[in-house]
Protein chains: 2
Amino acid sequence: MLKNYEIRRYQMPEEEIKVLVKEKKKELALQQQLIKEHKLPVLVLLEGWGAAGKGTLIGNLIQELDPRFFKVINMDAPDEQEKRKPFLWRYMEQIPEAGKFVFWDSGWLEELADGVISGQMSDMALEERMRQIRIFDRQLKDNGYLVVKLFLQIPRDEQKRRMEALLDKKDTRWRVSARDIRQAKKRKDHERAYDRILEATNTGYVPWHIVDAMDKKQALLQTLHILTNQINQAVENARILPEILHKDYPLLKMPLLSNVPLDQEMSEEEYKVRLKELQKKLKKLHNRIYRLRIPVVIAYEGWDAAGKGGNIKRLASALDPRGFEVHPIASPEPHEKARHYLWRFYHRLPKDGHIAIFDRSWYGRVMVERLEGFCSENDWKRAYNEINEFEKELSDWGAVVIKFWVHIDKETQLARFTERANTPGKEWKITEEDWRNREKWDAYEQAVNEMIARTSTENAPWYIVQSNNKYYARIQAIEILIREIEKRVGREK
Amino acid sequence: MLKNYEIRRYQMPEEEIKVLVKEKKKELALQQQLIKEHKLPVLVLLEGWGAAGKGTLIGNLIQELDPRFFKVINMDAPDEQEKRKPFLWRYMEQIPEAGKFVFWDSGWLEELADGVISGQMSDMALEERMRQIRIFDRQLKDNGYLVVKLFLQIPRDEQKRRMEALLDKKDTRWRVSARDIRQAKKRKDHERAYDRILEATNTGYVPWHIVDAMDKKQALLQTLHILTNQINQAVENARILPEILHKDYPLLKMPLLSNVPLDQEMSEEEYKVRLKELQKKLKKLHNRIYRLRIPVVIAYEGWDAAGKGGNIKRLASALDPRGFEVHPIASPEPHEKARHYLWRFYHRLPKDGHIAIFDRSWYGRVMVERLEGFCSENDWKRAYNEINEFEKELSDWGAVVIKFWVHIDKETQLARFTERANTPGKEWKITEEDWRNREKWDAYEQAVNEMIARTSTENAPWYIVQSNNKYYARIQAIEILIREIEKRVGREK
C-alpha cells in the first residue's frame, strides 16, 4: 500500500495552495455546525512516519475549530494498567462524543508493528488484532461515526534528514521520541509491517488515506480535502441504513423459555449445605484466576422479581471483595448516550484476574431499547451481531464470559409483586414501571427468546437460571460459574 | 497514638461474641436501606499492619451487604500516570456515590510513611500532604459524607509470626506483598511514621479508630460496632449544618465590577499584529512548561455573550493541541451529582505539563447554583473556602492557576443578544434561558462581586477581562496567561 499509493499532488503555484488551504480551513470550521446538528462524531486517526509532521498537521487542522468541540489525544505505548485490559480498550475509551471531533495523534499502528518486529506478538495474535480493528471500524461506522484514517508518507532519506535536523537543535530534540528513533533505524522492517497492517485494515467502510507529506502545504491541503469531503459524505449518507449482518458464529441450540421447566424444588436445609460447599470452592477458584490473571465477565438479565439481586449476592459473597465489582446498569447518562452503546460496558470491563458482574447489561439494546423504541429497528437488529463480536473480543482477550437469564413464570412474578406490595419495608422494591413491564410480558418473552437464540455462542453462552425456587436458582448459578471457570483453569485436585 | 490507644475488648465468651457479630452484621445490612434513603455516601478507610487481617475483615464486613451498593478498592502505590496528578487525585476519584459504600483496602498511609522513611519525601512535603488530608476529610464530611478511618493494630511479634505462617505455604505466599515485607523489616521506623501521620490526621470531624486485631473475632466485632454507630450518628446529625469557615488566605484587593472601565479600544489591525506576536510567545512557553512538567489550570467565567468562546479559541490556537484540553462545563450528570461537587473538576485535572481550560467551572456553585437554588445557602457560603482550599492544593502541586471573568456591560450584552437573534446562522447561540438570566443581571453582579472578592488569592488570582471590545479582551487574556506562566518559569531570553 505504501509503495503504490495514488499521489494527489496539486499542480499549482504555492500561492494558490495557500489560498485553497485557507478556504478549506474555513469550510472545516463551518462543518463544525453541521456535525453538531447531525450529532455526528468524527474520529480522525493520524498515523505516519516519525518526523512526517503529524503534530504540525493536527495543529493546522484545528486552527479554526472551536476548542470546545475537539480533543487531540496522544496515544503512547500502553501502560501497565492498560495492558491488563483488552487490546482495543484504551482506544474505545477515547472515541468522540456525538457532534465532536477527536484527533488521535497515532493509534494502534506502531503498537502492532512494534509487537511483530520485536517478535513479542505472534502472527496469529496480529491477525486477531487486525480483525478486531476491522470490527471496531465497522461498528463505529454502523453506529453513526465518521472514522477517517490517514497515513503521512515520506521517503526514507527525507525522514532521516528531518530527524537529524530535529536532533541537532536543543529546542527540538525532545520532540524525537525513543519510538521514532527505533522506527527510523528499522525502517525496512517497519515498511513491511506497516504495509501489511494497512492492507489488512483498509476496508470499504473505513479506508486508509495515504497522504504525501514531502511538502507540508501539500499535505495539509490533501488532508483538509479528505476530511471535508468525508464529512459532507457522512452527513449526506446519514440516513442510509447500515447492513444487518449475521455472521456465522457457532450458536448453541437453546430451548424456548416456555419449554424450560420451572418446577424444581430445594429445601432451605439442602440449600444451606450446598451453598457453603460451593462458595468454598468458588473462593478457591477466585484465587486461582487472580493468580493466572484471567478476567471474568458475568451478565445478569431476567424478569423483574426473578431474584437477580439475591442471586448476585450469594455469588459475590464467595468472592474476595478486592477482586470483583458489581455494576448496576440503569439507563445511560448523557455522556454515555453520546457514544457507541457498547462504550459504557467497555468502560466497565475488569482488569485481568478480576471479575465484573453486570446487573443488567448490553442486552438492554435488544430488550428494553427494542420494545420501548429507544433505538431504531435497524439498531437492535444489528445489535445481535455486534454483541457477538464484542463477546468474541472478550474471550479472545482471555475472559470467561457467562450470561444468566434469571427465569420465572408469570404466576410467580405476580405472587412476588403482590407480596412485595403488601410487605412493609419492601414496598419500595415494586414500582409502577414493574407493573407496566409486566403487561408487556409476551412481547418481552419473544424478544428474550430471540436474543437467547441469536447470542448463545460457544465462548459466551447463555444459561437459563430456573428461579421459581430461589434456592435452586442460586445453587444453579454458582455451579455454572464454577464449571465455566474450571473449563478454563482445570479442576482443583 | 498506636502506643496508648484505648482497648475495647469484649469480656465475654467466644460464643457470645459470635452471636453479637451476627447481630451487628444484620444491623449493617439493614442500615444499607437507611444510607440509601438518606443518600449518605460512606467511605471506610482500612489501614493497618501487613498480616493484620484487613482483607479478611473487609470480606466479613460486606458479607451481608448488597453487592450493588458497595465497592472495595485496593489502593496500590501510585503508578506513573497517577504520579502526574495531585497527590489526592486518585483518592478523590474513588470516593463513594450518595447512598453507597466504598471500602479502601489501605489508602495514603503507607504512601506517606514510605516516602518519609525512604527519605524521598521531605518533612515539608509530608506536612503539606497531611494538611491536604485534613482538608479532604473535612470537605467530605461537610458535604454530607461519612468517613470512617480504621487502623488494625497488632504487636510486632504477632505480625512476624503471621507473616512467616503466610510465607510458609505455597497457597498463601502471594498474599504477602513486597510492601508488607518492607514494612515488617522496618517496623520501628514505620511505627514512628505511622504514629506521626495518624496523630496529624486524627481530627474531630474524622477521627482514627484503632482496632485491636490480635483476635480476629474481636476485631470484627469492634469494627462492626464502630461502623454501625458511625452510620447511625451520621444519619442523626444529617440536618446539622456544617460550620462556614473563612480561612485567612491572603486575598488580593479586587475592584467591584461596576468600577471596571470598559471603554478600551483596539483596531482589528493592531489586534492582528499583537495576536500573532503573543501567540508565538505563548507557543514557546507551552513547550517550556511541557518540558518542565508544570500543569496549568485556567477557569473561564463571564456574562453570556461576553465572548468567552472566542477568547478561549484565540488562546488555545497558540497551544500545541496535544498538550491542552478544553472542558465545557454543563450541569452535572447523575453520577457527578451523586458526588462532592468538586469531584467532576478534580476528575478533569490535567496531568503535569498539560493545560486544562475550563469553559465555566467550579464557580458555578457560588453563581448559578446559589441564585437558582440548586444548592443550600450553607452549601454556597461554605464553597468560598472550599474552593480556596482546592485551588491552594492545585498550586501546592505546582500548577499555575488563573481565573478569568470575561466582563461586559449590560448594554453591550443587549446589543450582542439582539445581533445574534437577528443574524441567520447565529440564532442558535441565543436561547430563552439567556434572556431569563439577563433579567437577573443585578443579582448575578452581586454574586460575582462577592465571588471575586473572596476567592482572589495570590496563588489563584481572578482577572477581569474587559471585553466590550473583544479584540482588546483576547489580547488581554493571552498577556495575562503569558505573564503568569513567566512568573513560574522565568522569562525567555
# chains A, B, ... in the order shown; residues from 1 in each chain; ligands from 1

call {"tool": "closest_atom_pairs", "arguments": {"of": "chain B", "to": "chain A", "cutoff": "9 Å", "atoms": "only C-alpha atoms", "output": "JSON lines"}}
result
{"residue": "B:Gly55", "atom": "CA", "partner": "A:Arg322", "partner_atom": "CA", "distance": 7.8}
{"residue": "B:Thr56", "atom": "CA", "partner": "A:Asp320", "partner_atom": "CA", "distance": 8.5}
{"residue": "B:Ile58", "atom": "CA", "partner": "A:Pro321", "partner_atom": "CA", "distance": 7.4}
{"residue": "B:Gly59", "atom": "CA", "partner": "A:Pro321", "partner_atom": "CA", "distance": 6.0}
{"residue": "B:Ile62", "atom": "CA", "partner": "A:Ser317", "partner_atom": "CA", "distance": 7.8}
{"residue": "B:Gln63", "atom": "CA", "partner": "A:Ser317", "partner_atom": "CA", "distance": 5.6}
{"residue": "B:Glu64", "atom": "CA", "partner": "A:Ser317", "partner_atom": "CA", "distance": 7.9}
{"residue": "B:Leu65", "atom": "CA", "partner": "A:Lys313", "partner_atom": "CA", "distance": 7.8}
{"residue": "B:Asp66", "atom": "CA", "partner": "A:Lys313", "partner_atom": "CA", "distance": 6.0}
{"residue": "B:Pro67", "atom": "CA", "partner": "A:Lys313", "partner_atom": "CA", "distance": 6.0}
{"residue": "B:Arg68", "atom": "CA", "partner": "A:Val326", "partner_atom": "CA", "distance": 5.5}
{"residue": "B:Phe69", "atom": "CA", "partner": "A:Val326", "partner_atom": "CA", "distance": 8.4}
{"residue": "B:Phe70", "atom": "CA", "partner": "A:Val326", "partner_atom": "CA", "distance": 8.3}
{"residue": "B:Lys71", "atom": "CA", "partner": "A:Glu325", "partner_atom": "CA", "distance": 6.5}
{"residue": "B:Val72", "atom": "CA", "partner": "A:Arg322", "partner_atom": "CA", "distance": 5.4}
{"residue": "B:Ile73", "atom": "CA", "partner": "A:Arg322", "partner_atom": "CA", "distance": 6.2}
{"residue": "B:Asn74", "atom": "CA", "partner": "A:Arg322", "partner_atom": "CA", "distance": 6.0}
{"residue": "B:Asp79", "atom": "CA", "partner": "A:Glu80", "partner_atom": "CA", "distance": 8.6}
{"residue": "B:Glu80", "atom": "CA", "partner": "A:Asp79", "partner_atom": "CA", "distance": 8.6}
{"residue": "B:Gln81", "atom": "CA", "partner": "A:Asp79", "partner_atom": "CA", "distance": 8.7}
{"residue": "B:Asp105", "atom": "CA", "partner": "A:Arg322", "partner_atom": "CA", "distance": 7.9}
{"residue": "B:Trp174", "atom": "CA", "partner": "A:Arg291", "partner_atom": "CA", "distance": 8.3}
{"residue": "B:Asn287", "atom": "CA", "partner": "A:Asp171", "partner_atom": "CA", "distance": 9.0}
{"residue": "B:Arg291", "atom": "CA", "partner": "A:Trp174", "partner_atom": "CA", "distance": 8.3}
{"residue": "B:Gly309", "atom": "CA", "partner": "A:Asp66", "partner_atom": "CA", "distance": 7.6}
{"residue": "B:Gly310", "atom": "CA", "partner": "A:Asp66", "partner_atom": "CA", "distance": 8.1}
{"residue": "B:Ile312", "atom": "CA", "partner": "A:Pro67", "partner_atom": "CA", "distance": 7.5}
{"residue": "B:Lys313", "atom": "CA", "partner": "A:Pro67", "partner_atom": "CA", "distance": 6.0}
{"residue": "B:Ala316", "atom": "CA", "partner": "A:Pro67", "partner_atom": "CA", "distance": 6.9}
{"residue": "B:Ser317", "atom": "CA", "partner": "A:Gln63", "partner_atom": "CA", "distance": 5.6}
{"residue": "B:Ala318", "atom": "CA", "partner": "A:Gln63", "partner_atom": "CA", "distance": 8.6}
{"residue": "B:Leu319", "atom": "CA", "partner": "A:Gly59", "partner_atom": "CA", "distance": 8.3}
{"residue": "B:Asp320", "atom": "CA", "partner": "A:Gly59", "partner_atom": "CA", "distance": 6.6}
{"residue": "B:Pro321", "atom": "CA", "partner": "A:Val72", "partner_atom": "CA", "distance": 5.8}
{"residue": "B:Arg322", "atom": "CA", "partner": "A:Val72", "partner_atom": "CA", "distance": 5.4}
{"residue": "B:Gly323", "atom": "CA", "partner": "A:Val72", "partner_atom": "CA", "distance": 8.2}
{"residue": "B:Phe324", "atom": "CA", "partner": "A:Val72", "partner_atom": "CA", "distance": 8.1}
{"residue": "B:Glu325", "atom": "CA", "partner": "A:Lys71", "partner_atom": "CA", "distance": 6.5}
{"residue": "B:Val326", "atom": "CA", "partner": "A:Arg68", "partner_atom": "CA", "distance": 5.5}
{"residue": "B:His327", "atom": "CA", "partner": "A:Arg68", "partner_atom": "CA", "distance": 6.6}
{"residue": "B:Pro328", "atom": "CA", "partner": "A:Arg68", "partner_atom": "CA", "distance": 6.0}
{"residue": "B:Glu333", "atom": "CA", "partner": "A:Glu333", "partner_atom": "CA", "distance": 6.7}
{"residue": "B:Pro334", "atom": "CA", "partner": "A:Glu333", "partner_atom": "CA", "distance": 6.9}
{"residue": "B:His335", "atom": "CA", "partner": "A:Glu333", "partner_atom": "CA", "distance": 8.0}
{"residue": "B:Asp359", "atom": "CA", "partner": "A:Arg68", "partner_atom": "CA", "distance": 8.0}

call {"tool": "residues_around", "arguments": {"residues": "region 294-300 of chain A", "least_positions_apart": "3", "cutoff": "8 Å", "atoms": "only C-alpha atoms", "output": "compact mmCIF listing (two decimals) with all heavy atoms, in the first residue's frame"}}
result
# COMPACT_ATOMS: atom_id res chain seq x y z
N ILE A 289 -7.89 -17.73 39.52
CA ILE A 289 -7.97 -16.86 38.34
C ILE A 289 -7.26 -15.54 38.61
O ILE A 289 -6.71 -14.92 37.70
CB ILE A 289 -9.42 -16.59 37.87
CG1 ILE A 289 -10.22 -15.87 38.95
CG2 ILE A 289 -10.11 -17.85 37.42
CD1 ILE A 289 -11.44 -15.20 38.40
N TYR A 290 -7.22 -15.14 39.87
CA TYR A 290 -6.47 -13.93 40.21
C TYR A 290 -5.00 -14.12 39.90
O TYR A 290 -4.35 -13.28 39.28
CB TYR A 290 -6.68 -13.60 41.69
CG TYR A 290 -5.95 -12.37 42.15
CD1 TYR A 290 -6.44 -11.10 41.88
CD2 TYR A 290 -4.74 -12.48 42.84
CE1 TYR A 290 -5.76 -9.98 42.29
CE2 TYR A 290 -4.05 -11.36 43.26
CZ TYR A 290 -4.56 -10.10 42.98
OH TYR A 290 -3.87 -8.99 43.38
N ARG A 291 -4.50 -15.26 40.32
CA ARG A 291 -3.08 -15.52 40.10
C ARG A 291 -2.76 -15.76 38.63
O ARG A 291 -1.70 -15.39 38.14
CB ARG A 291 -2.61 -16.69 40.96
CG ARG A 291 -2.37 -16.22 42.40
CD ARG A 291 -1.79 -17.32 43.23
NE ARG A 291 -2.82 -18.27 43.61
CZ ARG A 291 -2.58 -19.48 44.09
NH1 ARG A 291 -1.33 -19.88 44.22
NH2 ARG A 291 -3.55 -20.27 44.46
N LYS A 308 -32.73 -11.69 40.74
CA LYS A 308 -31.37 -11.36 40.28
C LYS A 308 -30.49 -10.89 41.43
O LYS A 308 -29.37 -11.37 41.62
CB LYS A 308 -31.41 -10.22 39.25
CG LYS A 308 -31.68 -10.65 37.84
CD LYS A 308 -31.18 -9.64 36.81
CE LYS A 308 -31.45 -8.17 37.08
NZ LYS A 308 -32.81 -7.77 37.35
N LEU A 349 -15.20 -2.76 31.94
CA LEU A 349 -14.58 -4.09 31.91
C LEU A 349 -13.57 -4.23 33.04
O LEU A 349 -12.91 -3.26 33.41
CB LEU A 349 -13.91 -4.33 30.55
CG LEU A 349 -14.86 -4.55 29.37
CD1 LEU A 349 -14.06 -4.69 28.08
CD2 LEU A 349 -15.74 -5.77 29.59
N PRO A 350 -13.43 -5.43 33.58
CA PRO A 350 -12.47 -5.63 34.67
C PRO A 350 -11.05 -5.67 34.13
O PRO A 350 -10.86 -5.83 32.93
CB PRO A 350 -12.87 -7.00 35.21
CG PRO A 350 -13.38 -7.74 34.01
CD PRO A 350 -14.10 -6.69 33.19
N LYS A 351 -10.08 -5.51 35.00
CA LYS A 351 -8.73 -5.82 34.54
C LYS A 351 -8.52 -7.34 34.68
O LYS A 351 -9.31 -8.01 35.33
CB LYS A 351 -7.66 -5.05 35.29
CG LYS A 351 -7.82 -4.93 36.77
CD LYS A 351 -6.76 -4.00 37.36
CE LYS A 351 -7.04 -3.82 38.85
NZ LYS A 351 -6.13 -2.90 39.51
N ASP A 352 -7.49 -7.84 34.05
CA ASP A 352 -7.33 -9.29 34.08
C ASP A 352 -7.17 -9.79 35.52
O ASP A 352 -6.68 -9.07 36.38
CB ASP A 352 -6.17 -9.75 33.19
CG ASP A 352 -4.85 -9.12 33.57
OD1 ASP A 352 -4.74 -8.63 34.70
OD2 ASP A 352 -3.93 -9.10 32.73
N GLY A 353 -7.67 -10.96 35.77
CA GLY A 353 -7.64 -11.50 37.12
C GLY A 353 -8.81 -11.04 37.98
O GLY A 353 -8.98 -11.52 39.10
N HIS A 354 -9.60 -10.12 37.46
CA HIS A 354 -10.75 -9.60 38.21
C HIS A 354 -12.07 -10.06 37.58
O HIS A 354 -12.10 -10.51 36.45
CB HIS A 354 -10.69 -8.08 38.27
CG HIS A 354 -9.67 -7.58 39.25
ND1 HIS A 354 -9.99 -6.79 40.32
CD2 HIS A 354 -8.33 -7.78 39.32
CE1 HIS A 354 -8.89 -6.52 41.01
NE2 HIS A 354 -7.87 -7.10 40.42
N ILE A 355 -13.13 -9.91 38.39
CA ILE A 355 -14.45 -10.33 37.95
C ILE A 355 -15.37 -9.12 37.89
O ILE A 355 -15.43 -8.34 38.85
CB ILE A 355 -15.04 -11.38 38.93
CG1 ILE A 355 -14.15 -12.63 38.95
CG2 ILE A 355 -16.48 -11.73 38.54
CD1 ILE A 355 -14.65 -13.72 39.91
N ALA A 356 -16.07 -8.95 36.77
CA ALA A 356 -17.09 -7.91 36.69
C ALA A 356 -18.45 -8.58 36.55
O ALA A 356 -18.64 -9.45 35.70
CB ALA A 356 -16.84 -6.99 35.51
N ILE A 357 -19.37 -8.18 37.43
CA ILE A 357 -20.72 -8.71 37.37
C ILE A 357 -21.65 -7.57 36.96
O ILE A 357 -21.73 -6.55 37.64
CB ILE A 357 -21.16 -9.27 38.75
CG1 ILE A 357 -20.20 -10.37 39.20
CG2 ILE A 357 -22.60 -9.78 38.68
CD1 ILE A 357 -20.44 -10.84 40.63
N PHE A 358 -22.31 -7.74 35.83
CA PHE A 358 -23.21 -6.70 35.34
C PHE A 358 -24.65 -7.05 35.73
O PHE A 358 -25.16 -8.09 35.33
CB PHE A 358 -23.10 -6.55 33.83
CG PHE A 358 -21.80 -5.93 33.39
CD1 PHE A 358 -20.67 -6.71 33.17
CD2 PHE A 358 -21.69 -4.56 33.23
CE1 PHE A 358 -19.47 -6.14 32.78
CE2 PHE A 358 -20.49 -3.97 32.84
CZ PHE A 358 -19.37 -4.76 32.62
N ASP A 359 -25.26 -6.18 36.51
CA ASP A 359 -26.66 -6.36 36.90
C ASP A 359 -27.50 -5.61 35.87
O ASP A 359 -27.71 -4.42 35.99
CB ASP A 359 -26.85 -5.79 38.30
CG ASP A 359 -28.27 -5.95 38.80
OD1 ASP A 359 -29.06 -6.62 38.11
OD2 ASP A 359 -28.59 -5.38 39.86
N ARG A 360 -27.94 -6.31 34.87
CA ARG A 360 -28.41 -5.82 33.57
C ARG A 360 -27.18 -5.41 32.76
O ARG A 360 -26.14 -5.09 33.33
CB ARG A 360 -29.41 -4.68 33.65
CG ARG A 360 -30.65 -5.02 34.46
CD ARG A 360 -31.78 -4.03 34.20
NE ARG A 360 -32.84 -4.21 35.17
CZ ARG A 360 -33.81 -5.14 35.03
NH1 ARG A 360 -33.83 -5.91 33.98
NH2 ARG A 360 -34.73 -5.26 35.96
N SER A 361 -27.36 -5.43 31.45
CA SER A 361 -26.16 -5.39 30.62
C SER A 361 -26.41 -4.76 29.26
O SER A 361 -27.40 -4.07 29.06
CB SER A 361 -25.66 -6.81 30.41
OG SER A 361 -26.56 -7.47 29.53
N GLY A 398 -9.14 -13.46 26.59
CA GLY A 398 -8.85 -14.47 27.61
C GLY A 398 -9.92 -14.56 28.68
O GLY A 398 -9.78 -15.29 29.66
N ALA A 399 -10.99 -13.80 28.48
CA ALA A 399 -12.02 -13.74 29.53
C ALA A 399 -12.94 -14.95 29.50
O ALA A 399 -13.22 -15.51 28.44
CB ALA A 399 -12.85 -12.47 29.38
N VAL A 400 -13.41 -15.33 30.69
CA VAL A 400 -14.53 -16.25 30.81
C VAL A 400 -15.78 -15.37 30.77
O VAL A 400 -15.91 -14.45 31.56
CB VAL A 400 -14.47 -17.01 32.15
CG1 VAL A 400 -15.72 -17.86 32.34
CG2 VAL A 400 -13.21 -17.86 32.23
N VAL A 401 -16.66 -15.62 29.80
CA VAL A 401 -17.86 -14.79 29.64
C VAL A 401 -19.10 -15.65 29.87
O VAL A 401 -19.27 -16.68 29.21
CB VAL A 401 -17.92 -14.15 28.24
CG1 VAL A 401 -19.13 -13.23 28.12
CG2 VAL A 401 -16.63 -13.41 27.92
N ILE A 402 -19.95 -15.25 30.79
CA ILE A 402 -21.16 -16.01 31.10
C ILE A 402 -22.35 -15.08 31.17
O ILE A 402 -22.25 -13.97 31.69
CB ILE A 402 -21.05 -16.70 32.48
CG1 ILE A 402 -19.81 -17.56 32.53
CG2 ILE A 402 -22.29 -17.55 32.75
CD1 ILE A 402 -19.57 -18.11 33.91
N LYS A 403 -23.48 -15.54 30.66
CA LYS A 403 -24.69 -14.74 30.71
C LYS A 403 -25.81 -15.53 31.35
O LYS A 403 -26.08 -16.66 30.95
CB LYS A 403 -25.07 -14.32 29.28
CG LYS A 403 -24.03 -13.40 28.69
CD LYS A 403 -23.77 -13.46 27.22
CE LYS A 403 -24.42 -14.47 26.38
NZ LYS A 403 -23.92 -14.43 24.98
N PHE A 404 -26.45 -14.94 32.34
CA PHE A 404 -27.55 -15.61 33.03
C PHE A 404 -28.88 -14.95 32.70
O PHE A 404 -29.03 -13.74 32.87
CB PHE A 404 -27.36 -15.52 34.55
CG PHE A 404 -26.23 -16.36 35.08
CD1 PHE A 404 -25.21 -15.79 35.84
CD2 PHE A 404 -26.19 -17.74 34.86
CE1 PHE A 404 -24.18 -16.56 36.36
CE2 PHE A 404 -25.15 -18.52 35.37
CZ PHE A 404 -24.15 -17.92 36.12
N TRP A 405 -29.83 -15.73 32.25
CA TRP A 405 -31.21 -15.25 32.22
C TRP A 405 -31.93 -15.85 33.42
O TRP A 405 -32.13 -17.06 33.50
CB TRP A 405 -31.93 -15.65 30.92
CG TRP A 405 -33.37 -15.24 30.99
CD1 TRP A 405 -34.44 -16.04 31.30
CD2 TRP A 405 -33.90 -13.92 30.80
NE1 TRP A 405 -35.59 -15.30 31.31
CE2 TRP A 405 -35.29 -13.99 31.02
CE3 TRP A 405 -33.33 -12.68 30.49
CZ2 TRP A 405 -36.12 -12.87 30.93
CZ3 TRP A 405 -34.15 -11.57 30.39
CH2 TRP A 405 -35.53 -11.66 30.61
N VAL A 406 -32.27 -15.00 34.38
CA VAL A 406 -32.92 -15.50 35.59
C VAL A 406 -34.41 -15.56 35.32
O VAL A 406 -35.09 -14.55 35.13
CB VAL A 406 -32.61 -14.60 36.80
CG1 VAL A 406 -33.16 -15.22 38.07
CG2 VAL A 406 -31.09 -14.42 36.95

call {"tool": "select_by_dssp", "arguments": {"residues": "region 428-491 of chain A", "states": "strand (DSSP E)", "output": "PyMOL selection string"}}
result
chain A and resi 462-466

call {"tool": "residues_around", "arguments": {"residues": "Ser331 (chain B)", "least_positions_apart": "5", "cutoff": "12 Å", "atoms": "only C-alpha atoms", "output": "count of residues only"}}
result
14

call {"tool": "residues_around", "arguments": {"residues": "Lys3 (chain A)", "least_positions_apart": "5", "cutoff": "12 Å", "atoms": "only C-alpha atoms", "output": "PDB file with N, CA and C atoms, in the first residue's frame"}}
result
ATOM      1  N   GLN A 153       3.035   9.865   4.605  1.00  0.00           N
ATOM      2  CA  GLN A 153       4.139   9.132   3.986  1.00  0.00           C
ATOM      3  C   GLN A 153       5.280  10.074   3.612  1.00  0.00           C
ATOM      4  N   ILE A 154       6.493   9.743   4.039  1.00  0.00           N
ATOM      5  CA  ILE A 154       7.685  10.406   3.494  1.00  0.00           C
ATOM      6  C   ILE A 154       8.728   9.322   3.192  1.00  0.00           C
ATOM      7  N   PRO A 155       9.561   9.547   2.187  1.00  0.00           N
ATOM      8  CA  PRO A 155      10.569   8.536   1.858  1.00  0.00           C
ATOM      9  C   PRO A 155      11.626   8.444   2.955  1.00  0.00           C
ATOM     10  N   GLU A 191       8.462  -0.710   7.213  1.00  0.00           N
ATOM     11  CA  GLU A 191       7.736  -0.607   5.941  1.00  0.00           C
ATOM     12  C   GLU A 191       6.926  -1.868   5.693  1.00  0.00           C
ATOM     13  N   ARG A 192       7.597  -2.997   5.901  1.00  0.00           N
ATOM     14  CA  ARG A 192       6.914  -4.270   5.689  1.00  0.00           C
ATOM     15  C   ARG A 192       5.709  -4.411   6.624  1.00  0.00           C
ATOM     16  N   TYR A 194       4.084  -2.083   8.423  1.00  0.00           N
ATOM     17  CA  TYR A 194       3.044  -1.080   8.164  1.00  0.00           C
ATOM     18  C   TYR A 194       2.196  -1.483   6.967  1.00  0.00           C
ATOM     19  N   ASP A 195       2.889  -1.874   5.929  1.00  0.00           N
ATOM     20  CA  ASP A 195       2.197  -2.243   4.708  1.00  0.00           C
ATOM     21  C   ASP A 195       1.187  -3.349   4.966  1.00  0.00           C
ATOM     22  N   ARG A 196       1.636  -4.349   5.672  1.00  0.00           N
ATOM     23  CA  ARG A 196       0.749  -5.477   5.965  1.00  0.00           C
ATOM     24  C   ARG A 196      -0.467  -5.028   6.790  1.00  0.00           C
ATOM     25  N   LEU A 198      -1.682  -1.933   7.208  1.00  0.00           N
ATOM     26  CA  LEU A 198      -2.549  -1.009   6.475  1.00  0.00           C
ATOM     27  C   LEU A 198      -3.440  -1.776   5.509  1.00  0.00           C
ATOM     28  N   GLU A 199      -2.848  -2.707   4.790  1.00  0.00           N
ATOM     29  CA  GLU A 199      -3.632  -3.523   3.853  1.00  0.00           C
ATOM     30  C   GLU A 199      -4.786  -4.211   4.578  1.00  0.00           C
ATOM     31  N   ILE A 210      -3.544   7.589   2.168  1.00  0.00           N
ATOM     32  CA  ILE A 210      -2.110   7.862   2.249  1.00  0.00           C
ATOM     33  C   ILE A 210      -1.887   9.300   1.809  1.00  0.00           C
ATOM     34  N   ASP A 212       0.752  12.273   0.950  1.00  0.00           N
ATOM     35  CA  ASP A 212       2.137  12.542   0.575  1.00  0.00           C
ATOM     36  C   ASP A 212       2.644  13.736   1.377  1.00  0.00           C
TER      37      ASP A 212
END

call {"tool": "residues_around", "arguments": {"residues": "Ile244 (chain A)", "least_positions_apart": "6", "cutoff": "12 Å", "atoms": "only C-alpha atoms", "output": "PyMOL selection string"}}
result
chain A and resi 138-139+142-143+377-386

call {"tool": "select_by_dssp", "arguments": {"residues": "region 158-202 of chain B", "states": "alpha helix (DSSP H)", "output": "PyMOL selection string"}}
result
chain B and resi 158-168+170-173+178-185+187-200

call {"tool": "closest_residue", "arguments": {"among": "A:Glu301, A:Glu23, A:Glu127, A:Glu486", "to": "Ile452 (chain A)", "atoms": "only C-alpha atoms"}}
result
A:Glu301

call {"tool": "closest_residue", "arguments": {"among": "A:Arg239, A:Met124, A:Leu46, A:Arg134", "to": "Gly107 (chain A)", "atoms": "only C-alpha atoms"}}
result
A:Leu46

call {"tool": "residues_around", "arguments": {"residues": "Asp409 (chain A)", "least_positions_apart": "5", "cutoff": "12 Å", "atoms": "only C-alpha atoms", "output": "list in words"}}
result
Leu257, Ser258, Asn259, Val260, Pro261, Leu262, Asp263, Gly302, Trp303, Asp304, Ala305, Ala306, Leu414, Ala415, Arg416, Arg438, Trp441, Asp442, Glu445, Val465, Gln466, Ser467, Asn468 and Asn469 of chain A

call {"tool": "atom_distance", "arguments": {"atom1": "CA of Pro41 (chain B)", "atom2": "CA of Val19 (chain B)"}}
result
28.3 Å
